[in-house]
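Pasted below: structure10.txt, compact mmCIF, C-alpha atoms.
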```
# COMPACT_ATOMS: atom_id res chain seq x y z
CA MET A 1 9.85 62.15 -29.87
CA ARG A 2 12.09 60.17 -32.26
CA ARG A 3 14.71 59.84 -29.55
CA LEU A 4 12.08 58.61 -27.10
CA VAL A 5 10.80 55.98 -29.53
CA ALA A 6 14.35 54.86 -30.30
CA LEU A 7 15.10 54.59 -26.59
CA LEU A 8 12.00 52.49 -25.99
CA ILE A 9 12.93 50.18 -28.86
CA CYS A 10 16.44 49.72 -27.46
CA LEU A 11 15.09 48.97 -24.02
CA THR A 12 12.67 46.41 -25.45
CA LEU A 13 15.43 44.63 -27.36
CA ALA A 14 17.78 44.68 -24.37
CA THR A 15 15.21 43.22 -21.99
CA PRO A 16 14.62 39.49 -22.44
CA LEU A 17 11.02 38.63 -23.03
CA SER A 18 9.50 36.45 -20.32
CA ALA A 19 8.75 32.91 -21.40
CA ASP A 20 5.18 31.73 -21.53
CA PRO A 21 4.11 29.81 -18.43
CA ILE A 22 4.20 26.03 -18.63
CA ARG A 23 1.15 24.10 -17.49
CA ILE A 24 1.95 20.65 -16.11
CA ALA A 25 -0.84 18.27 -15.16
CA SER A 26 -1.17 14.81 -13.68
CA PHE A 27 -4.23 12.61 -14.08
CA ASN A 28 -5.04 9.07 -13.05
CA THR A 29 -7.47 8.29 -15.86
CA GLU A 30 -8.43 4.83 -14.57
CA LEU A 31 -8.88 3.82 -18.21
CA SER A 32 -7.22 0.42 -17.67
CA ARG A 33 -9.16 -2.55 -19.02
CA GLN A 34 -9.39 -6.20 -17.94
CA GLY A 35 -7.37 -7.65 -20.82
CA PRO A 36 -4.57 -6.74 -23.24
CA GLY A 37 -5.61 -4.73 -26.28
CA LEU A 38 -9.05 -3.84 -24.97
CA LEU A 39 -8.23 -0.22 -24.24
CA LEU A 40 -6.68 0.17 -27.69
CA ARG A 41 -9.84 -1.29 -29.21
CA ASP A 42 -12.06 1.07 -27.25
CA LEU A 43 -9.94 4.12 -28.09
CA THR A 44 -10.29 3.42 -31.81
CA ARG A 45 -14.06 3.28 -31.55
CA GLU A 46 -16.57 6.01 -30.87
CA GLY A 47 -19.18 5.99 -28.17
CA ASP A 48 -17.25 5.01 -25.02
CA ALA A 49 -18.65 7.47 -22.50
CA ARG A 50 -15.79 7.09 -20.06
CA ILE A 51 -13.11 7.72 -22.65
CA ASP A 52 -15.06 10.75 -23.87
CA ALA A 53 -15.25 12.05 -20.30
CA VAL A 54 -11.51 11.59 -19.73
CA ILE A 55 -10.74 13.44 -22.98
CA GLY A 56 -13.05 16.24 -21.87
CA VAL A 57 -11.24 16.61 -18.55
CA ILE A 58 -7.85 16.83 -20.29
CA LEU A 59 -9.15 19.20 -22.94
CA ARG A 60 -10.53 21.64 -20.40
CA ALA A 61 -7.25 21.69 -18.47
CA HIS A 62 -5.22 22.04 -21.69
CA PRO A 63 -1.78 21.20 -20.23
CA ASP A 64 1.55 21.49 -22.00
CA ILE A 65 2.91 18.39 -20.26
CA LEU A 66 0.69 15.62 -18.94
CA ALA A 67 1.68 12.76 -16.64
CA LEU A 68 -0.84 9.96 -17.04
CA GLN A 69 -1.63 7.02 -14.80
CA GLY A 70 -4.07 4.17 -15.29
CA ILE A 71 -3.41 3.61 -18.99
CA ASP A 72 -2.53 0.20 -20.35
CA TRP A 73 0.85 -0.32 -22.05
CA ASP A 74 1.54 -2.22 -25.24
CA LEU A 75 4.86 -2.98 -26.91
CA GLU A 76 4.39 -0.66 -29.91
CA GLY A 77 2.83 2.20 -27.98
CA ARG A 78 -0.32 1.99 -30.04
CA THR A 79 -2.62 2.57 -27.07
CA LEU A 80 -0.95 5.83 -26.12
CA ASP A 81 -0.89 6.91 -29.77
CA ALA A 82 -4.61 6.18 -30.04
CA LEU A 83 -5.32 8.34 -27.01
CA ALA A 84 -3.14 11.13 -28.43
CA THR A 85 -5.04 10.90 -31.72
CA ARG A 86 -8.36 11.24 -29.92
CA LEU A 87 -7.05 14.24 -27.99
CA GLU A 88 -5.79 15.90 -31.16
CA LYS A 89 -9.17 15.47 -32.82
CA ALA A 90 -10.73 17.09 -29.76
CA GLY A 91 -8.40 20.09 -30.01
CA ILE A 92 -5.17 19.44 -28.08
CA ALA A 93 -2.04 17.98 -29.70
CA PHE A 94 0.76 16.14 -27.92
CA PRO A 95 3.35 15.31 -30.59
CA HIS A 96 5.83 13.93 -28.02
CA ARG A 97 5.01 10.81 -26.03
CA LEU A 98 6.69 8.38 -23.68
CA THR A 99 5.51 4.92 -22.73
CA ARG A 100 7.53 2.03 -21.35
CA ARG A 101 6.71 -1.37 -19.96
CA PRO A 102 5.65 -1.02 -16.32
CA ASN A 103 6.07 -3.58 -13.57
CA SER A 104 2.33 -4.16 -13.36
CA GLY A 105 1.51 -7.62 -14.66
CA TRP A 106 5.20 -8.51 -15.13
CA GLU A 107 5.46 -12.15 -14.04
CA SER A 108 8.04 -12.78 -11.34
CA GLY A 109 8.08 -16.58 -11.13
CA GLN A 110 7.85 -16.25 -7.33
CA ASP A 111 5.13 -16.27 -4.72
CA LEU A 112 5.37 -12.57 -3.97
CA ASP A 113 2.10 -12.14 -2.11
CA GLY A 114 2.62 -15.12 0.22
CA ASP A 115 -0.59 -16.97 -0.64
CA GLY A 116 1.27 -20.26 -1.23
CA ARG A 117 0.73 -20.23 -5.00
CA ILE A 118 2.79 -18.97 -7.90
CA GLY A 119 1.07 -17.10 -10.68
CA GLY A 120 -1.75 -14.61 -10.81
CA PRO A 121 -1.94 -10.84 -10.44
CA GLY A 122 -0.48 -10.76 -6.93
CA ASP A 123 2.70 -12.53 -7.94
CA SER A 124 3.56 -10.04 -10.66
CA GLN A 125 6.17 -7.39 -9.94
CA GLY A 126 3.23 -5.03 -9.68
CA TRP A 127 -0.37 -6.20 -9.38
CA GLY A 128 -1.85 -6.84 -12.80
CA ARG A 129 -3.83 -9.36 -14.79
CA PHE A 130 -1.59 -8.86 -17.82
CA SER A 131 1.72 -7.20 -18.56
CA GLY A 132 1.22 -3.46 -18.78
CA GLN A 133 -2.15 -3.18 -17.10
CA GLY A 134 -2.56 0.22 -15.52
CA GLY A 135 0.74 1.71 -16.65
CA ILE A 136 1.94 5.29 -16.76
CA ALA A 137 2.81 7.57 -19.68
CA VAL A 138 3.86 11.13 -20.53
CA LEU A 139 2.36 13.36 -23.21
CA SER A 140 4.07 16.62 -24.08
CA ARG A 141 3.92 19.58 -26.46
CA PHE A 142 7.69 19.85 -26.05
CA PRO A 143 10.35 17.31 -27.05
CA ILE A 144 10.92 14.44 -24.62
CA LEU A 145 14.60 13.49 -24.43
CA THR A 146 13.83 9.79 -24.52
CA ALA A 147 17.43 8.61 -24.74
CA GLU A 148 18.25 10.45 -21.50
CA THR A 149 15.21 9.21 -19.59
CA GLN A 150 16.07 7.36 -16.39
CA ASP A 151 13.88 4.32 -15.72
CA PHE A 152 14.30 2.98 -12.19
CA SER A 153 11.56 0.36 -12.45
CA ALA A 154 14.03 -2.54 -12.29
CA LEU A 155 15.43 -1.42 -8.92
CA LEU A 156 15.05 -4.26 -6.43
CA TRP A 157 13.25 -3.33 -3.26
CA HIS A 158 16.00 -4.71 -1.03
CA ASP A 159 18.53 -2.45 -2.82
CA LEU A 160 16.74 0.71 -1.71
CA PRO A 161 18.79 2.26 1.11
CA GLY A 162 16.95 1.66 4.37
CA ALA A 163 14.31 -0.55 2.74
CA GLU A 164 11.44 -1.41 5.09
CA LEU A 165 11.06 -5.02 4.00
CA PRO A 166 8.27 -7.12 5.55
CA THR A 167 8.98 -10.02 7.88
CA HIS A 168 7.21 -12.94 9.51
CA PRO A 169 6.68 -12.75 13.28
CA ASP A 170 9.93 -14.68 13.76
CA GLY A 171 11.85 -12.04 11.81
CA THR A 172 12.42 -14.06 8.64
CA PRO A 173 11.74 -12.42 5.25
CA PHE A 174 8.11 -12.30 4.13
CA PRO A 175 7.02 -14.21 2.19
CA SER A 176 10.43 -15.78 1.56
CA GLU A 177 14.05 -14.92 0.98
CA ALA A 178 13.71 -15.94 -2.69
CA ALA A 179 10.70 -13.65 -3.15
CA GLN A 180 12.49 -10.67 -1.65
CA ALA A 181 15.51 -11.36 -3.84
CA ALA A 182 13.27 -10.97 -6.90
CA GLN A 183 10.88 -8.23 -5.76
CA ARG A 184 11.21 -4.86 -7.49
CA LEU A 185 10.43 -1.67 -5.64
CA SER A 186 8.12 -0.05 -8.20
CA SER A 187 4.53 -1.26 -8.31
CA THR A 188 4.20 0.48 -11.66
CA ALA A 189 7.28 2.56 -12.54
CA HIS A 190 9.59 5.36 -11.44
CA TRP A 191 10.82 7.58 -14.30
CA ALA A 192 12.91 10.75 -14.47
CA VAL A 193 12.04 12.28 -17.84
CA PRO A 194 13.97 15.26 -19.26
CA ILE A 195 11.88 17.55 -21.46
CA ALA A 196 13.35 20.30 -23.68
CA LEU A 197 11.59 23.64 -23.21
CA PRO A 198 11.13 26.33 -25.89
CA ASP A 199 13.75 28.67 -24.40
CA GLY A 200 16.49 26.06 -24.66
CA THR A 201 16.40 24.97 -21.03
CA ARG A 202 14.80 21.78 -19.81
CA LEU A 203 12.92 20.33 -16.89
CA ARG A 204 13.05 16.85 -15.44
CA LEU A 205 9.64 15.29 -14.83
CA LEU A 206 9.69 12.77 -11.99
CA THR A 207 6.68 10.52 -12.40
CA PHE A 208 5.36 7.32 -10.81
CA GLN A 209 2.32 5.48 -9.56
CA ALA A 210 2.76 3.76 -6.21
CA GLY A 211 0.76 0.72 -5.19
CA PRO A 212 -2.00 0.96 -2.58
CA PRO A 213 -0.98 0.47 1.07
CA VAL A 214 -3.79 -2.05 1.65
CA PHE A 215 -4.87 -5.55 0.54
CA ASP A 216 -2.24 -7.35 2.62
CA GLY A 217 -1.85 -8.89 6.07
CA PRO A 218 -0.26 -8.03 9.42
CA GLU A 219 3.17 -8.01 7.79
CA ASP A 220 2.06 -4.77 6.04
CA ARG A 221 3.86 -5.67 2.84
CA ASN A 222 1.89 -3.24 0.70
CA GLY A 223 2.01 -0.45 3.26
CA ARG A 224 5.78 -0.76 3.60
CA ARG A 225 6.29 -0.91 -0.15
CA ASN A 226 4.07 2.11 -0.76
CA ALA A 227 6.07 4.13 1.76
CA ASP A 228 9.36 3.11 0.18
CA GLU A 229 8.07 3.93 -3.32
CA ILE A 230 7.40 7.46 -2.06
CA ARG A 231 10.69 7.68 -0.13
CA PHE A 232 12.56 6.75 -3.33
CA TRP A 233 12.22 10.32 -4.62
CA ARG A 234 13.93 11.92 -1.64
CA LEU A 235 16.81 9.47 -2.07
CA TYR A 236 16.91 10.26 -5.80
CA LEU A 237 17.22 13.97 -5.04
CA ASP A 238 20.03 13.08 -2.61
CA GLY A 239 21.95 11.44 -5.46
CA ALA A 240 21.53 7.88 -4.16
CA PHE A 241 21.05 6.47 -7.69
CA GLY A 242 23.63 8.45 -9.60
CA PRO A 243 24.36 12.18 -9.77
CA ALA A 244 21.66 14.32 -8.22
CA PRO A 245 19.58 16.07 -10.90
CA THR A 246 20.74 19.50 -12.01
CA ASP A 247 17.68 20.25 -14.17
CA PRO A 248 14.77 21.90 -12.36
CA VAL A 249 12.44 19.04 -11.42
CA VAL A 250 8.70 18.60 -11.14
CA LEU A 251 7.37 15.52 -9.34
CA ALA A 252 4.02 14.46 -10.80
CA GLY A 253 2.13 11.25 -10.13
CA GLY A 254 0.21 9.03 -7.79
CA ALA A 255 1.47 8.32 -4.27
CA ASN A 256 -1.68 6.43 -3.26
CA LEU A 257 -1.26 7.90 0.21
CA ASP A 258 -2.99 10.72 2.09
CA PRO A 259 -0.98 12.68 4.67
CA GLU A 260 -3.61 12.12 7.35
CA ARG A 261 -6.54 9.93 6.32
CA GLY A 262 -7.02 6.34 5.26
CA ALA A 263 -4.58 3.46 5.52
CA GLY A 264 -0.83 3.64 5.06
CA ARG A 265 2.36 4.97 6.57
CA HIS A 266 1.46 8.64 6.43
CA GLN A 267 4.88 9.89 7.47
CA ALA A 268 6.29 8.92 4.07
CA ILE A 269 4.17 11.46 2.20
CA ARG A 270 4.47 14.04 4.98
CA ASP A 271 8.25 13.86 4.67
CA LEU A 272 8.07 14.29 0.90
CA LEU A 273 5.75 17.29 1.20
CA ALA A 274 8.06 18.82 3.81
CA ASP A 275 11.23 18.36 1.74
CA PRO A 276 12.71 21.88 1.34
CA ARG A 277 13.85 21.06 -2.20
CA LEU A 278 10.19 20.81 -3.29
CA GLN A 279 7.11 22.97 -2.95
CA ASP A 280 3.47 22.00 -2.65
CA PRO A 281 1.42 24.62 -4.51
CA LEU A 282 -1.89 22.77 -4.55
CA PRO A 283 -4.56 23.24 -1.92
CA PRO A 284 -4.60 20.36 0.58
CA GLU A 285 -7.85 19.01 -0.81
CA PRO A 286 -8.83 15.46 -1.71
CA THR A 287 -7.85 14.46 -5.22
CA ALA A 288 -9.89 11.25 -5.32
CA GLN A 289 -13.14 9.85 -3.99
CA PHE A 290 -13.24 6.16 -3.00
CA ALA A 291 -16.23 4.12 -1.92
CA GLY A 292 -14.59 2.77 1.25
CA PRO A 293 -12.19 5.33 2.71
CA GLY A 294 -13.96 8.31 1.15
CA PRO A 295 -12.16 11.43 -0.09
CA LEU A 296 -8.35 11.23 0.00
CA ARG A 297 -5.43 13.25 -1.28
CA VAL A 298 -3.40 10.69 -3.21
CA ASP A 299 -2.21 12.56 -6.36
CA TYR A 300 0.58 15.13 -6.22
CA LEU A 301 2.36 17.83 -8.26
CA LEU A 302 5.48 19.08 -6.50
CA PRO A 303 7.72 21.50 -8.40
CA ALA A 304 11.25 22.17 -7.23
CA ALA A 305 11.53 25.08 -4.81
CA GLY A 306 13.12 27.28 -7.49
CA TRP A 307 10.12 27.29 -9.82
CA GLN A 308 7.85 30.31 -9.78
CA VAL A 309 4.30 29.05 -9.32
CA LEU A 310 1.83 31.25 -11.16
CA ASP A 311 -1.31 29.26 -10.51
CA SER A 312 -2.47 25.77 -9.58
CA GLY A 313 -5.65 23.84 -9.05
CA LEU A 314 -7.75 20.73 -9.34
CA ALA A 315 -10.14 20.05 -12.17
CA PRO A 316 -13.75 19.64 -11.09
CA ALA A 317 -14.61 16.11 -10.04
CA ASP A 318 -16.10 14.08 -12.87
CA PRO A 319 -17.15 10.59 -11.74
CA ALA A 320 -18.02 9.76 -15.34
CA ALA A 321 -14.30 9.98 -16.13
CA SER A 322 -12.39 8.78 -13.06
CA ARG A 323 -12.51 8.69 -9.29
CA HIS A 324 -9.40 10.91 -9.48
CA ARG A 325 -9.31 14.60 -10.33
CA LEU A 326 -6.80 16.03 -12.76
CA ILE A 327 -4.36 18.33 -10.94
CA TRP A 328 -2.38 21.11 -12.61
CA VAL A 329 0.17 23.83 -11.96
CA ASP A 330 1.33 26.80 -14.05
CA LEU A 331 5.07 27.44 -13.73
CA ALA A 332 7.58 30.04 -14.81
CA LEU A 333 11.15 28.94 -15.31
CA PRO A 334 13.53 29.27 -12.38
CA ASP A 335 16.01 32.10 -12.60
CA GLN A 336 18.85 30.81 -14.74
CA GLY A 337 21.12 33.76 -14.00
```

Any chance you could put this one into structure tokens?
Amino acid sequence: MRRLVALLICLTLATPLSADPIRIASFNTELSRQGPGLLLRDLTREGDARIDAVIGVILRAHPDILALQGIDWDLEGRTLDALATRLEKAGIAFPHRLTRRPNSGWESGQDLDGDGRIGGPGDSQGWGRFSGQGGIAVLSRFPILTAETQDFSALLWHDLPGAELPTHPDGTPFPSEAAQAAQRLSSTAHWAVPIALPDGTRLRLLTFQAGPPVFDGPEDRNGRRNADEIRFWRLYLDGAFGPAPTDPVVLAGGANLDPERGAGRHQAIRDLLADPRLQDPLPPEPTAQFAGPGPLRVDYLLPAAGWQVLDSGLAPADPAASRHRLIWVDLALPDQG
């Protein structure tokens, strides 16, 4: 019996223990307000039913890493800190956070939307009434390697290989050559965020929020830009913007495009979903409910093909929180051997 016990102990020590699964979630909170500082004000007060509902959705999902959309940015990160404080009081702590200035509301000095006027939300690098409206952020239980984060938000649209830039009927740049020389690709942001995991390895979270493919004219400026914002990630995986990533990746964010329904250039998201380097573990169900187009799948979580997917799902719809549903996936680390 002693020999048997000793043998079992040796086998236990020799066999590496499996790491706990990692739950990654993405959620377009739609918490953005109409002016700078208003979301921070509301987060530091009690009694905002929508904020309470958003916190409830996140708490029930209880992710380890959370990609957020629809949260306003401020220079000192106080808005994101206030949200993290509220979440911690509710029972879930995210000691590691990332927020950076998005393109939304960033004045361009050009007539980007072609309405003949300069200034206003449509002439910002991404639509916004103020700088930082409707930004993105990352909350994590694990350390975010901030210094190694890649921020591609300054990439000019015309510098994207194969950019589908809009034109006037005569073939000249829409709305102007000067506007296209200044126009960035990202409506909000494109980030590649390395996160250190407990076992010493790390993942690279690819996160973004594309602009809607509507609210334009026959030139299809917004539809073309939305498609190129999505296509960016396939080019990134190709190594078009530096060395191709070697960390196992997870793409999490808002594409604002359904593979079949609603407006937009659907092939862009179909191509991303079909990329053999990624997998699509979520059921092909709508992730958002809109008054006009109805239910659409516009939010995505796409782990690299090497991840082992243990479970995945969509949080129940909660219109009191957001038109979007939180989406989540449980992952086991790829084989490192």

Find, counting all atoms listed in the file, the residue in A:Ala137, A:Ala84, A:Ala315, A:Leu185 that gets nearest to Ala154 of chain A.
->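 Using all atoms listed in the file, Ala154 of chain A sits closest to A:Leu185.
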
Go through segment 154-228 of chain A residue by residue and, counting all atoms listed in the file, keep those with an atom at most 9 Å from segment 112-123 of chain A; for each kept residue give the shortest atom pair and its distance in Å to one decimal, ordered by chain and increasing number, as JSON lines.
```
{"residue": "A:Phe174", "atom": "CA", "partner": "A:Gly114", "partner_atom": "CA", "distance": 7.3}
{"residue": "A:Pro175", "atom": "CA", "partner": "A:Gly114", "partner_atom": "CA", "distance": 4.9}
{"residue": "A:Ser176", "atom": "CA", "partner": "A:Gly114", "partner_atom": "CA", "distance": 8.0}
{"residue": "A:Ala179", "atom": "CA", "partner": "A:Leu112", "partner_atom": "CA", "distance": 5.5}
{"residue": "A:Gln180", "atom": "CA", "partner": "A:Leu112", "partner_atom": "CA", "distance": 7.7}
{"residue": "A:Ala182", "atom": "CA", "partner": "A:Leu112", "partner_atom": "CA", "distance": 8.6}
{"residue": "A:Gln183", "atom": "CA", "partner": "A:Leu112", "partner_atom": "CA", "distance": 7.2}
{"residue": "A:Asp216", "atom": "CA", "partner": "A:Asp113", "partner_atom": "CA", "distance": 8.0}
{"residue": "A:Arg221", "atom": "CA", "partner": "A:Asp113", "partner_atom": "CA", "distance": 8.3}
```

Selection near Leu326 of chain A, 6 Å with only C-alpha atoms, sequence-local residues under 2 positions removed, as a PyMOL selection string | chain A and resi 26-27+314-315

Figure out the distance between atom CA of Leu205 of chain A and atom CA of Val193 of chain A, please, to one decimal in Å.
->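 A separation of 4.9 Å between them.
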
Neighbour list for Pro259 of chain A as JSON, numbers by chain, cut-off 10 Å, only C-alpha atoms, skip fewer than 5 positions in-chain | {"A": [264, 265, 266, 267, 268, 269, 270, 271, 272, 273, 284, 296, 297, 298]}

Write the residues you've just listed into a file as a PDB file, keeping the file's coordinate frame, and include C-alpha atoms for each of them.
```pdb
ATOM      1  CA  GLY A 264      -0.830   3.640   5.060  1.00  0.00           C
ATOM      2  CA  ARG A 265       2.360   4.970   6.570  1.00  0.00           C
ATOM      3  CA  HIS A 266       1.460   8.640   6.430  1.00  0.00           C
ATOM      4  CA  GLN A 267       4.880   9.890   7.470  1.00  0.00           C
ATOM      5  CA  ALA A 268       6.290   8.920   4.070  1.00  0.00           C
ATOM      6  CA  ILE A 269       4.170  11.460   2.200  1.00  0.00           C
ATOM      7  CA  ARG A 270       4.470  14.040   4.980  1.00  0.00           C
ATOM      8  CA  ASP A 271       8.250  13.860   4.670  1.00  0.00           C
ATOM      9  CA  LEU A 272       8.070  14.290   0.900  1.00  0.00           C
ATOM     10  CA  LEU A 273       5.750  17.290   1.200  1.00  0.00           C
ATOM     11  CA  PRO A 284      -4.600  20.360   0.580  1.00  0.00           C
ATOM     12  CA  LEU A 296      -8.350  11.230   0.000  1.00  0.00           C
ATOM     13  CA  ARG A 297      -5.430  13.250  -1.280  1.00  0.00           C
ATOM     14  CA  VAL A 298      -3.400  10.690  -3.210  1.00  0.00           C
TER      15      VAL A 298
END
```

At what distance in Å, to one decimal, does atom CA of Ile22 of chain A lie from atom CA of Pro143 of chain A?
-> 13.6 Å

Tell me which protein, DNA and RNA residues are within 10 Å of Pro319 of chain A, counting only C-alpha atoms, leaving out same-chain ones fewer than 3 positions away, and put them as a list in words.
->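 These residues fall inside the cut-off: Arg50, Ala53, Val54, Ala288, Gln289, Pro316, Ser322, Arg323, His324 and Arg325 of chain A.
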
Which protein, DNA or RNA residues are at most 10 Å from (-10.1, 8.7, 9.6) in the file's coordinates when you count only C-alpha atoms, listed as a VMD selection string?
-> chain A and resid 260 to 263 293 to 294

Using all atoms listed in the file, which residue out of A:Gly132, A:Ser140, A:Gly56, A:Asp81 lies closest to Phe94 of chain A?
->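 Looking at the shortest contact to Phe94 of chain A, the residue is A:Ser140.
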
Selection: 9 Å around Pro281 of chain A, all atoms listed in the file, excl. self and same-chain fewer than 4 positions, as an NGL selection string = :A and (301-303 or 309 or 311-313 or 329)

Option closest in space to Thr146 of chain A, from A:Asp199, A:Pro161, A:Arg204, A:Thr188 [counting all atoms listed in the file] |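 Comparing A:Asp199, A:Pro161, A:Arg204, A:Thr188 against Thr146 of chain A, the winner is A:Arg204.
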